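Undergrad: File name protein.cif; file contents mmCIF, C-alpha atoms and all ligand atoms; full text below.
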```cif
data_final
loop_
_atom_site.label_atom_id
_atom_site.label_comp_id
_atom_site.auth_asym_id
_atom_site.auth_seq_id
_atom_site.Cartn_x
_atom_site.Cartn_y
_atom_site.Cartn_z
CA MET A 1 -10.61 -18.75 9.65
CA THR A 2 -7.50 -17.11 8.24
CA THR A 3 -4.97 -15.03 10.18
CA ASN A 4 -4.24 -11.55 8.86
CA ILE A 5 -1.72 -8.83 9.61
CA ALA A 6 -2.51 -5.25 8.56
CA ILE A 7 0.27 -2.72 8.01
CA ASP A 8 -0.74 0.85 7.25
CA GLY A 9 1.26 4.03 7.03
CA PRO A 10 2.37 6.89 4.82
CA ALA A 11 4.32 6.54 1.57
CA GLY A 12 7.98 5.65 2.06
CA ALA A 13 7.71 4.30 5.61
CA GLY A 14 9.06 0.94 4.42
CA LYS A 15 5.76 -0.93 4.52
CA SER A 16 6.36 -3.18 1.51
CA THR A 17 9.90 -4.21 2.51
CA ILE A 18 8.78 -4.98 6.05
CA ALA A 19 5.50 -6.66 5.06
CA LYS A 20 7.30 -8.90 2.54
CA ARG A 21 9.87 -10.04 5.13
CA ILE A 22 7.19 -10.78 7.72
CA ALA A 23 5.13 -12.71 5.17
CA GLN A 24 8.20 -14.76 4.28
CA LYS A 25 9.02 -15.53 7.93
CA LEU A 26 5.45 -16.62 8.72
CA SER A 27 4.74 -18.27 5.34
CA PHE A 28 1.86 -15.85 4.79
CA ILE A 29 1.02 -14.24 1.44
CA TYR A 30 2.07 -10.62 0.98
CA VAL A 31 -0.64 -8.39 -0.51
CA ASP A 32 0.43 -4.96 -1.80
CA THR A 33 -2.83 -2.99 -2.08
CA GLY A 34 -1.12 0.14 -3.44
CA ALA A 35 -0.31 -1.90 -6.56
CA MET A 36 -4.05 -2.39 -7.15
CA TYR A 37 -4.70 1.38 -7.02
CA ARG A 38 -1.72 1.81 -9.35
CA ALA A 39 -3.13 -0.76 -11.83
CA MET A 40 -6.42 1.14 -11.83
CA ALA A 41 -4.39 4.29 -12.51
CA VAL A 42 -2.71 2.62 -15.52
CA TYR A 43 -6.17 1.91 -16.91
CA LEU A 44 -7.34 5.51 -16.35
CA LEU A 45 -4.20 6.94 -17.96
CA ARG A 46 -4.57 4.65 -20.97
CA GLN A 47 -8.22 5.63 -21.37
CA LYS A 48 -7.22 9.30 -20.94
CA ILE A 49 -9.71 9.70 -18.10
CA SER A 50 -9.11 12.65 -15.78
CA ALA A 51 -8.86 11.96 -12.03
CA GLN A 52 -11.52 14.69 -11.62
CA ASP A 53 -14.06 12.96 -13.88
CA ALA A 54 -15.96 10.88 -11.29
CA ALA A 55 -18.58 9.64 -13.78
CA LYS A 56 -15.97 8.28 -16.21
CA ILE A 57 -13.98 6.72 -13.34
CA GLU A 58 -17.13 4.93 -12.17
CA GLU A 59 -17.69 3.61 -15.71
CA ALA A 60 -14.04 2.54 -15.81
CA CYS A 61 -14.58 0.49 -12.64
CA GLN A 62 -16.99 -1.69 -14.65
CA SER A 63 -14.61 -2.26 -17.56
CA ALA A 64 -11.30 -2.61 -15.71
CA ASP A 65 -10.85 -6.13 -14.38
CA ILE A 66 -8.06 -6.26 -11.79
CA THR A 67 -6.85 -9.60 -10.48
CA ILE A 68 -3.84 -10.83 -8.52
CA THR A 69 -1.64 -13.85 -9.11
CA TYR A 70 1.69 -14.98 -7.65
CA GLU A 71 4.82 -15.91 -9.58
CA ASP A 72 7.72 -17.29 -7.51
CA GLY A 73 6.04 -15.77 -4.47
CA GLU A 74 5.92 -12.28 -6.05
CA GLN A 75 2.58 -10.53 -6.45
CA GLN A 76 1.58 -9.89 -10.08
CA VAL A 77 -1.26 -7.56 -11.00
CA LEU A 78 -3.34 -8.34 -14.07
CA LEU A 79 -5.35 -5.63 -15.78
CA ASN A 80 -7.94 -7.20 -18.10
CA GLY A 81 -5.66 -10.23 -18.29
CA GLU A 82 -2.45 -8.26 -19.05
CA ASN A 83 0.35 -8.40 -16.49
CA VAL A 84 0.99 -4.70 -15.74
CA THR A 85 3.26 -5.20 -12.69
CA GLY A 86 6.26 -3.69 -14.49
CA LEU A 87 4.38 -0.46 -15.24
CA LEU A 88 3.24 0.40 -11.73
CA ARG A 89 6.18 2.26 -10.16
CA SER A 90 6.42 5.38 -12.36
CA GLU A 91 5.74 8.84 -10.90
CA GLU A 92 2.94 9.37 -13.41
CA VAL A 93 1.15 6.21 -12.29
CA GLY A 94 1.79 7.07 -8.61
CA SER A 95 0.24 10.53 -9.01
CA MET A 96 -2.79 9.17 -10.83
CA ALA A 97 -3.21 6.46 -8.17
CA SER A 98 -3.10 9.09 -5.45
CA ALA A 99 -5.62 11.30 -7.27
CA SER A 100 -8.08 8.51 -8.14
CA ALA A 101 -7.85 6.42 -4.94
CA PRO A 102 -10.32 8.67 -3.05
CA ASN A 103 -13.09 7.75 -5.53
CA GLN A 104 -15.69 5.69 -3.66
CA LYS A 105 -16.35 3.25 -6.54
CA VAL A 106 -12.61 2.60 -6.97
CA ARG A 107 -12.32 1.86 -3.26
CA GLU A 108 -15.37 -0.42 -3.22
CA LYS A 109 -14.02 -2.40 -6.16
CA LEU A 110 -10.51 -2.85 -4.77
CA THR A 111 -11.44 -3.42 -1.12
CA ALA A 112 -13.77 -6.25 -2.24
CA LEU A 113 -10.78 -7.92 -3.91
CA GLN A 114 -8.59 -7.33 -0.84
CA LYS A 115 -11.16 -8.82 1.54
CA LYS A 116 -11.53 -11.86 -0.71
CA LEU A 117 -7.76 -12.48 -0.73
CA ALA A 118 -7.66 -12.23 3.08
CA ARG A 119 -10.55 -14.69 3.44
CA GLU A 120 -8.79 -17.24 1.24
CA ALA A 121 -5.30 -17.16 2.79
CA ASP A 122 -3.23 -15.90 5.72
CA VAL A 123 -1.97 -12.52 4.53
CA VAL A 124 0.24 -9.62 5.47
CA MET A 125 -1.51 -6.75 3.72
CA ASP A 126 -0.16 -3.22 3.45
CA GLY A 127 -1.89 0.00 2.49
CA ARG A 128 -3.56 3.03 4.03
CA ASP A 129 -6.92 1.76 5.31
CA ILE A 130 -6.27 -1.94 5.94
CA GLY A 131 -6.57 -1.92 9.74
CA SER A 132 -9.30 0.74 9.80
CA LYS A 133 -11.54 -0.44 6.93
CA VAL A 134 -10.49 -3.51 4.96
CA LEU A 135 -9.54 -5.98 7.71
CA PRO A 136 -11.06 -4.63 10.95
CA ASP A 137 -10.59 -8.09 12.52
CA ALA A 138 -6.90 -8.47 11.62
CA LYS A 139 -4.97 -10.26 14.37
CA VAL A 140 -2.25 -7.61 14.34
CA LYS A 141 -2.54 -4.01 13.15
CA ILE A 142 0.56 -1.91 12.71
CA TYR A 143 0.79 1.78 11.86
CA LEU A 144 4.28 2.07 10.42
CA THR A 145 5.68 5.54 10.03
CA ALA A 146 8.93 7.52 9.85
CA SER A 147 9.77 11.22 9.77
CA VAL A 148 9.39 13.06 6.45
CA ARG A 149 13.17 13.66 6.41
CA THR A 150 13.96 9.96 6.91
CA ARG A 151 11.50 8.90 4.22
CA ALA A 152 12.90 11.49 1.79
CA LEU A 153 16.49 10.36 2.47
CA ARG A 154 15.53 6.72 1.86
CA ARG A 155 13.77 7.61 -1.40
CA CYS A 156 16.76 9.74 -2.54
CA SER A 157 19.26 6.96 -1.95
CA GLN A 158 16.99 4.49 -3.76
CA LEU A 159 16.70 6.82 -6.79
CA GLU A 160 20.45 7.52 -6.76
CA LYS A 161 21.08 3.79 -6.88
CA GLU A 162 18.90 3.71 -9.98
CA GLY A 163 21.05 6.51 -11.47
CA VAL A 164 18.40 9.24 -11.05
CA GLN A 165 19.67 12.59 -9.73
CA VAL A 166 17.12 14.23 -7.42
CA SER A 167 16.95 17.03 -4.86
CA LEU A 168 16.16 16.13 -1.27
CA GLU A 169 13.95 19.23 -0.94
CA GLU A 170 11.84 18.23 -3.94
CA ILE A 171 11.38 14.70 -2.62
CA GLU A 172 10.46 16.05 0.82
CA ALA A 173 7.87 18.36 -0.72
CA ASP A 174 6.46 15.49 -2.78
CA ILE A 175 6.18 13.22 0.28
CA GLN A 176 4.48 15.99 2.26
CA LYS A 177 1.99 16.57 -0.56
CA ARG A 178 1.14 12.88 -0.80
CA ASP A 179 0.73 12.62 3.00
CA GLU A 180 -1.71 15.55 2.94
CA LEU A 181 -3.75 13.92 0.16
CA ASP A 182 -3.85 10.52 1.86
CA LYS A 183 -4.66 11.91 5.33
CA ASN A 184 -7.21 14.57 4.39
CA ARG A 185 -9.36 12.81 1.83
CA GLU A 186 -12.96 12.13 2.75
CA ASN A 187 -13.03 8.44 1.80
CA SER A 188 -10.91 6.07 3.91
CA PRO A 189 -8.21 8.56 4.88
CA LEU A 190 -4.88 7.34 6.17
CA ILE A 191 -5.36 7.06 9.94
CA GLN A 192 -3.97 4.94 12.71
CA ALA A 193 -6.71 2.44 13.64
CA GLU A 194 -7.63 2.63 17.33
CA ASP A 195 -6.21 -0.81 18.02
CA ALA A 196 -3.11 -0.43 15.82
CA VAL A 197 0.37 -0.37 17.32
CA LEU A 198 2.46 2.62 16.26
CA VAL A 199 5.95 1.73 15.01
CA ASP A 200 8.20 4.67 14.10
CA SER A 201 11.02 3.30 11.96
CA SER A 202 13.01 6.59 11.72
CA GLU A 203 15.80 5.30 13.96
CA MET A 204 15.34 1.57 13.35
CA THR A 205 16.91 -0.93 10.96
CA ILE A 206 14.72 -3.16 8.80
CA ASP A 207 15.60 -6.16 10.98
CA GLU A 208 14.59 -4.27 14.13
CA VAL A 209 11.22 -3.31 12.66
CA VAL A 210 10.58 -6.89 11.48
CA GLU A 211 11.51 -8.28 14.91
CA THR A 212 9.29 -5.72 16.68
CA ILE A 213 6.28 -6.69 14.59
CA LEU A 214 6.95 -10.43 14.92
CA THR A 215 7.15 -10.02 18.70
CA ILE A 216 3.75 -8.29 18.70
CA TYR A 217 2.37 -11.11 16.53
CA ARG A 218 3.72 -13.83 18.83
CA GLN A 219 2.28 -12.08 21.88
CA ARG A 220 -1.14 -11.95 20.19
CA GLU A 221 -0.87 -15.62 19.24
CA CYS A 222 -0.64 -16.51 22.94
CA THR A 223 -3.75 -14.53 23.89
O1 LIG A 301 1.49 2.53 -1.42
P1 LIG A 301 1.51 3.09 -2.85
O2 LIG A 301 2.35 4.33 -3.00
O3 LIG A 301 1.83 2.07 -3.89
O4 LIG A 301 -0.01 3.54 -3.11
C1 LIG A 301 -0.40 4.23 -4.29
C2 LIG A 301 -1.57 5.16 -3.97
O5 LIG A 301 -2.72 4.38 -3.66
C3 LIG A 301 -1.32 6.10 -2.79
O6 LIG A 301 -1.46 7.45 -3.18
C4 LIG A 301 -2.41 5.82 -1.80
C5 LIG A 301 -3.35 4.88 -2.48
N1 LIG A 301 -3.71 3.76 -1.63
C6 LIG A 301 -4.91 3.83 -0.96
O7 LIG A 301 -5.61 4.83 -1.06
N2 LIG A 301 -5.29 2.79 -0.18
C7 LIG A 301 -4.54 1.70 -0.05
N3 LIG A 301 -4.97 0.69 0.72
C8 LIG A 301 -3.29 1.61 -0.72
C9 LIG A 301 -2.90 2.68 -1.51
#
```
Give the structure from this file in structure tokens form.

TA:
Amino acid sequence: MTTNIAIDGPAGAGKSTIAKRIAQKLSFIYVDTGAMYRAMAVYLLRQKISAQDAAKIEEACQSADITITYEDGEQQVLLNGENVTGLLRSEEVGSMASASAPNQKVREKLTALQKKLAREADVVMDGRDIGSKVLPDAKVKIYLTASVRTRALRRCSQLEKEGVQVSLEEIEADIQKRDELDKNRENSPLIQAEDAVLVDSSEMTIDEVVETILTIYRQRECT
């Protein structure tokens, strides 16, 4: 039996940073499920398939082979054998991932891969439906969130570091739109699982969030 930690929450709450640190501290494998939806989006964009065309997306699920490997501890996503990890973070790919992720066939395909990874190794897995759907038996479930303003400020400072000039209002509007999509979709919406612990990182440092989650994990280990 493997031990799994599920971290769900809205975009920009800091899930990947936190999940990576926890995985490192516990020597677990970090699994970024958003990257899988993004790889599927790369395939759909390349095939010029619209996010509204359910029939074509279902066909694409048969021909897109998505697998995960690790290089120096970093997750790499392979799309039909090609490493597409470097292509996943663009806005275009993010929007397509958000629009195509509600498709039932896409979810079935990617959740099967996620469950397999969690059966094979101890993982810290982040996403939107990990505690509620993918790993219902995870030892620890965290719902990590932060206010829209905090998430927008974090995203702005990250983009400014990359030399991109952005408006806080636009980023806030974008975050709100993505939250709505993730929370209101029919298939596997973003929700806090009943047995998940809510962690609001708005007023917390990364170290404080990591320590909070590790404390919850250690408490569970003793029960
Ligand atoms: O976490 P992210 O921004 O990389 O995720 C990209 C998109 O994929 C996002 O719009 C929500 C979706 N997603 C999902 O539906 N389920 C997951 N487990 C992870 C991501």

Undergrad: List as a list in words the protein and nucleic acid residues near segment 46-56 of chain A, meaning an atom at most 12 Å away when all atoms listed in the file are counted, but skip any in the same chain fewer than 2 places from it.

TA: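 Using all atoms listed in the file, the neighbours found are Ala39, Met40, Ala41, Val42, Tyr43, Leu44, Glu58, Glu59, Ala60, Cys61, Gln62, Ser63, Ala64, Leu79, Leu87, Glu92, Val93, Ser95, Met96, Ala97, Ser98, Ala99, Ser100, Ala101, Pro102, Asn103, Gln104, Lys105 and Val106 of chain A.
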
Undergrad: Which one is closest to ligand LIG 301 (chain A): A:Ala19, A:Met125, A:Ala173, A:Leu117? Count only C-alpha atoms and all ligand atoms.

TA: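 Result for the nearest residue to ligand LIG 301 (chain A): A:Met125.
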
Undergrad: Mind listing the residues within 8 Å of ligand LIG 301 (chain A), all atoms listed in the file counted, as a ChimeraX atom specification?

TA: /A:8,10-12,32-38,89,94-99,101-102,107,111,126-130,178,181-182,188-190

Undergrad: As a ChimeraX atom specification, please: the residues near Ala118 of chain A (cut-off 10 Å, all atoms listed in the file, same-chain neighbours under 2 positions excluded).

TA: /A:1-5,29,31,113-116,120-125,134-135,138

Undergrad: Check the smallest atom-to-atom distance from each of A:Thr67, A:Gln176, A:Gln24, A:Thr150 to Glu203 of chain A using all atoms listed in the file, then report the winner.

TA: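 Of A:Thr67, A:Gln176, A:Gln24, A:Thr150, the one nearest Glu203 of chain A, counting all atoms listed in the file, is A:Thr150.
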
Undergrad: Atom CA of Lys20 of chain A and atom CA of Ile175 of chain A are how many Å apart?

TA: 22.3 Å

Undergrad: Considering all atoms listed in the file, state which residue in the set A:Thr85, A:Ser167, A:Thr145, A:Thr212 is at the smallest distance from Ile191 of chain A.

TA: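 Among the listed residues, the smallest separation from Ile191 of chain A belongs to A:Thr145.
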
Undergrad: In Å, rounded to a single decimal, give me how far atom CA of Glu211 of chain A is from atom CA of Val140 of chain A.

TA: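 Atom-to-atom, atom CA of Val140 of chain A to atom CA of Glu211 of chain A, that is 13.8 Å.
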
Undergrad: For Ser201 of chain A, which residue out of A:Gly9, A:Gly131, A:Gly163, A:Gly81 is the nearest one, using only C-alpha atoms?

TA: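 Ranking A:Gly9, A:Gly131, A:Gly163, A:Gly81 by distance to Ser201 of chain A, first place goes to A:Gly9.
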
Undergrad: What's the 9 Å shell around Ser147 of chain A, counting only C-alpha atoms, without same-chain residues fewer than 6 positions away, as a ChimeraX atom specification?

TA: /A:13,200-202

Undergrad: Rank nothing, just name the residue among A:Lys15, A:Asp207, A:Glu221, A:Asp195 nearest to Pro136 of chain A, using only C-alpha atoms.

TA: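 Answer, going by the shortest atom-to-atom distance: A:Asp195.
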
Undergrad: Looking at all atoms listed in the file, which of A:Arg151, A:Lys133, A:Lys161, A:Arg119 is the one that sits closest to Gln192 of chain A?

TA: A:Lys133

Undergrad: Which residues, written as a PyMOL selection string, have at least one atom at most 7 Å from Glu172 of chain A, with all atoms listed in the file counted and residues fewer than 3 positions away on the same chain left out?

TA: chain A and resi 148-149+152+168-169+175-176

Undergrad: What does the distance between atom CA of Ile213 of chain A and atom CA of Arg185 of chain A come to in Å, to one decimal place?

TA: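 Answer for the atom CA of Ile213 of chain A to atom CA of Arg185 of chain A separation: 28.1 Å.
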
Undergrad: Just need segment 212-223 of chain A in a file, please: all heavy atoms, as a compact mmCIF listing (two decimals), in the first residue's frame.

TA:
```txt
# COMPACT_ATOMS: atom_id res chain seq x y z
N THR A 212 2.48 23.55 8.26
CA THR A 212 1.10 23.22 8.64
C THR A 212 0.70 21.87 8.06
O THR A 212 0.14 21.01 8.76
CB THR A 212 0.13 24.32 8.11
OG1 THR A 212 0.54 25.56 8.66
CG2 THR A 212 -1.31 24.03 8.48
N ILE A 213 1.00 21.67 6.79
CA ILE A 213 0.59 20.42 6.13
C ILE A 213 1.40 19.23 6.67
O ILE A 213 0.85 18.15 6.91
CB ILE A 213 0.70 20.55 4.59
CG1 ILE A 213 -0.28 21.64 4.11
CG2 ILE A 213 0.42 19.21 3.90
CD1 ILE A 213 -0.20 21.97 2.64
N LEU A 214 2.69 19.45 6.93
CA LEU A 214 3.51 18.36 7.48
C LEU A 214 3.02 17.97 8.87
O LEU A 214 3.03 16.79 9.24
CB LEU A 214 4.99 18.76 7.52
CG LEU A 214 5.71 18.77 6.17
CD1 LEU A 214 7.13 19.31 6.31
CD2 LEU A 214 5.75 17.37 5.55
N THR A 215 2.58 18.96 9.64
CA THR A 215 2.05 18.67 10.99
C THR A 215 0.79 17.80 10.87
O THR A 215 0.63 16.81 11.60
CB THR A 215 1.73 19.99 11.74
OG1 THR A 215 2.92 20.75 11.77
CG2 THR A 215 1.24 19.74 13.15
N ILE A 216 -0.08 18.15 9.92
CA ILE A 216 -1.31 17.36 9.72
C ILE A 216 -0.92 15.93 9.32
O ILE A 216 -1.47 14.95 9.83
CB ILE A 216 -2.19 18.01 8.62
CG1 ILE A 216 -2.68 19.38 9.09
CG2 ILE A 216 -3.36 17.10 8.25
CD1 ILE A 216 -3.27 20.26 8.00
N TYR A 217 0.07 15.82 8.44
CA TYR A 217 0.53 14.49 7.98
C TYR A 217 1.06 13.67 9.17
O TYR A 217 0.70 12.49 9.34
CB TYR A 217 1.60 14.66 6.91
CG TYR A 217 2.27 13.37 6.52
CD1 TYR A 217 1.62 12.45 5.70
CD2 TYR A 217 3.54 13.05 7.01
CE1 TYR A 217 2.23 11.25 5.36
CE2 TYR A 217 4.15 11.85 6.66
CZ TYR A 217 3.49 10.96 5.84
OH TYR A 217 4.09 9.77 5.51
N ARG A 218 1.89 14.30 9.99
CA ARG A 218 2.48 13.56 11.13
C ARG A 218 1.41 13.12 12.11
O ARG A 218 1.47 12.01 12.66
CB ARG A 218 3.52 14.42 11.84
CG ARG A 218 4.78 14.60 10.98
CD ARG A 218 5.89 15.31 11.75
NE ARG A 218 6.81 15.95 10.82
CZ ARG A 218 6.92 17.25 10.62
NH1 ARG A 218 6.19 18.10 11.32
NH2 ARG A 218 7.77 17.72 9.74
N GLN A 219 0.40 13.98 12.31
CA GLN A 219 -0.70 13.61 13.21
C GLN A 219 -1.43 12.39 12.67
O GLN A 219 -1.78 11.46 13.40
CB GLN A 219 -1.69 14.77 13.36
CG GLN A 219 -1.17 15.86 14.30
CD GLN A 219 -1.98 17.15 14.16
OE1 GLN A 219 -2.79 17.31 13.25
NE2 GLN A 219 -1.72 18.09 15.06
N ARG A 220 -1.66 12.37 11.35
CA ARG A 220 -2.37 11.24 10.72
C ARG A 220 -1.54 9.96 10.82
O ARG A 220 -2.08 8.87 10.92
CB ARG A 220 -2.66 11.52 9.24
CG ARG A 220 -3.58 12.64 8.99
CD ARG A 220 -5.06 12.21 9.18
NE ARG A 220 -5.87 13.38 9.43
CZ ARG A 220 -6.44 14.12 8.48
NH1 ARG A 220 -6.34 13.73 7.23
NH2 ARG A 220 -7.13 15.19 8.79
N GLU A 221 -0.21 10.13 10.72
CA GLU A 221 0.68 8.97 10.76
C GLU A 221 0.56 8.24 12.09
O GLU A 221 0.73 7.03 12.17
CB GLU A 221 2.12 9.45 10.61
CG GLU A 221 2.77 9.01 9.34
CD GLU A 221 4.26 9.30 9.39
OE1 GLU A 221 4.69 10.16 10.18
OE2 GLU A 221 4.97 8.64 8.66
N CYS A 222 0.26 9.01 13.15
CA CYS A 222 0.17 8.42 14.50
C CYS A 222 -1.19 7.81 14.76
O CYS A 222 -1.40 7.20 15.80
CB CYS A 222 0.44 9.48 15.56
SG CYS A 222 2.03 10.25 15.37
N THR A 223 -2.15 7.99 13.85
CA THR A 223 -3.49 7.46 14.13
C THR A 223 -3.75 6.16 13.38
O THR A 223 -3.06 5.83 12.45
CB THR A 223 -4.59 8.49 13.74
OG1 THR A 223 -4.41 8.81 12.36
CG2 THR A 223 -4.53 9.74 14.57
```
